[in-house]
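Trainee: Quick one: this structure, given as structure tokens, is what I'll be asking you about.
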Amino acid sequence: MSELRIGLAGAGPWARRVHAAGMAAHPRVRLAGVWSRRRESAEQLVADAGGRVYDRFADLVDDVDAVAFAVPPGVQAELVPLAAVAGRHLILEKPLADSQAGARAVAAAVEAAGVYSTMMLTLRFDPTIRSWLDGIPAGAGADTVGSMRWLSGSLLGGPYAASPWRAEHGALLDVGPHVIDLLDATLGAVTGVDWAHRADPDLWRFGLSHAGGAHSTVMLSSRLPVDPTEVEIAVFGGAGRHLLTSRPGDARACYAVLLDELVDAAATGRSCSPYGAARGLHLQEIIERVREIAG
């Protein structure tokens, strides 16, 4: 396969800044076209990035090898099964859906279709973070604890503050997948939620238990007057002392790694990805449990 033709569903700020820009810069993919619920937004995007505008999502699916989604979680849950059953590879946004039931339906459709899926868990495609994870011994036990905080003002202003689904669900659904995924990768699979609290302004605090006996704590918010975003993950105990205080500075560089892996999977017929729809379902199940306990 000389190049992978990708269709983009969505034309908002993230679609323009990361998806479209990343595809335009990648030597092995081509942005074939864009479908959006607002045609004028799609027209503006293709004017800068190329491709054509599609009025029907089904027509875009017919013309491409893969579909990238940059739409609200509820819309993604409706559209992904249509692309999966057509045999298209998938670039999924987090969260997988706007509900646990929706996430289960998406994951089931992807598994049944046998297509390759990968999620925009941006942190996991950053070389610095991958190297940091490689330095932590596997199998953290009860003598190890971890913590992570992600504090920002992204919903107080800027390009994503006007996003209705982010305004409704807050940091837990938006940032939560990143945080839980990284702790899961660091300390072992999350097996339960020990406790959870929510306070204004959109401040979430919760504790997680991990396979092997390790425990971790989380603090996150997207409505604190903090700029730049504060991100820190720490591990202490039997697994050693490991501290990371940086986040990817360039989401497009991470996206390039994601595209590399997608193209390689498409060329070899590989359908399994550690960051696919099944991963998204696992993260969403934990998020829903946090919401239940926090009340």
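Labels used: A, B, ... for chains in the order of the structure tokens, numbers from 1 for residues in each chain, and numbers from 1 for ligands as shown.
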Do you know which residues are at most 6 Å from region 271-276 of chain A counting only C-alpha atoms, after dropping those on the same chain fewer than 3 positions away, and could you put them as number ranges by chain?
Mentor: A: 115-119, 279
Trainee: So that I can see what lies close to Leu123 (chain A), please list as number ranges by chain the residues with an atom at most 12 Å from it, counting only C-alpha atoms and leaving out residues fewer than 4 positions away in the same chain.
Mentor: A: 119, 127-133, 175, 177-183, 185, 231, 233, 244, 246-255, 257-258, 275
Trainee: Show which residues sit within 9 Å of Thr191 (chain A), as a PyMOL selection string. Count only C-alpha atoms, and ignore same-chain residues fewer than 4 positions away.
Mentor: chain A and resi 208-211+286
Trainee: Using only C-alpha atoms, can you tell me which of A:Met120, A:Val145, A:Ala66, A:Met23 comes closest to His215 (chain A)?
Mentor: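 Residue with the minimum atom-to-atom distance to His215 (chain A): A:Val145.
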Trainee: What is the CA of Leu173 (chain A) to CA of Leu155 (chain A) distance in Å?
Mentor: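 For CA of Leu173 (chain A) relative to CA of Leu155 (chain A), the distance reads 12.8 Å.
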Trainee: May I have the residues within 12 Å of Arg16 (chain A) as number ranges by chain, using only C-alpha atoms and disregarding those fewer than 6 positions away in the same chain?
Mentor: A: 8-10, 22-24, 31, 34, 36, 41-50, 69-71, 159, 252
Trainee: CA of Val29 (chain A) to CA of Ile6 (chain A): how many Å, to one decimal?
Mentor: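 Answer for the CA of Val29 (chain A) to CA of Ile6 (chain A) separation: 7.0 Å.
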Trainee: When DSSP is applied to the backbone of this structure, which of region 44-240 of chain A are assigned alpha helix (DSSP H)? Write them out as a PyMOL selection string.
Mentor: chain A and resi 44-49+57-62+73-85+100-113+127-134+164-174+176-187
Trainee: Return the single residue from A:Arg198, A:Leu4, A:Ala113, A:Leu281 that is closest to His26 (chain A), with distances computed using only C-alpha atoms.
Mentor: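 The answer is A:Leu4, which sits nearest to His26 (chain A).
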Trainee: Would you mind writing down, as number ranges by chain, each residue of region 21-250 of chain A that DSSP on the backbone assigns to strand (DSSP E or B)?
Mentor: A: 29-35, 52-54, 66-69, 89-92, 117-119, 141, 144-151, 190-199, 203-210, 213, 215-221, 230-237, 242-244
Trainee: Excluding Trp150 (chain A) and its own-chain neighbours fewer than 3 positions away, which residues fall within 7 Å of it when counting only C-alpha atoms? Please give them as a compact mmCIF listing (two decimals) with N, CA, C and O atoms, in the first residue's frame.
Mentor:
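out26.txt was written with the following content:
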# COMPACT_ATOMS: atom_id res chain seq x y z
N MET A 219 -6.17 13.50 40.91
CA MET A 219 -6.81 14.80 41.05
C MET A 219 -6.83 15.45 39.67
O MET A 219 -5.79 15.56 39.02
N LEU A 220 -8.01 15.83 39.22
CA LEU A 220 -8.08 16.47 37.90
C LEU A 220 -9.20 17.50 37.84
O LEU A 220 -10.22 17.38 38.51
N SER A 221 -8.96 18.53 37.04
CA SER A 221 -9.94 19.58 36.80
C SER A 221 -9.59 20.29 35.51
O SER A 221 -8.42 20.40 35.13
N GLU A 230 -1.01 21.87 34.60
CA GLU A 230 -0.15 21.14 35.53
C GLU A 230 -0.40 19.65 35.36
O GLU A 230 -1.51 19.16 35.58
N VAL A 231 0.63 18.92 34.96
CA VAL A 231 0.54 17.47 34.82
C VAL A 231 1.71 16.83 35.57
O VAL A 231 2.87 17.21 35.35
N GLU A 232 1.39 15.89 36.45
CA GLU A 232 2.44 15.19 37.18
C GLU A 232 1.98 13.78 37.51
O GLU A 232 0.84 13.58 37.94
Trainee: Using Å and a single decimal, report how far CA of Ala138 (chain A) sits from CA of Thr245 (chain A).
Mentor: 20.9 Å
Trainee: Quick one: residues within 7 Å of Gly146 (chain A), only C-alpha atoms counted, chain neighbours fewer than 4 positions away excluded, as a PyMOL selection string?
Mentor: chain A and resi 215-217+234-236
Trainee: Give the answer as one residue: which of A:Val263, A:Ser99, A:Lys94, A:Val106 has the shortest atom-to-atom distance to Leu79 (chain A), using only C-alpha atoms?
Mentor: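 Between A:Val263, A:Ser99, A:Lys94, A:Val106, the residue approaching Leu79 (chain A) most closely is A:Val106.
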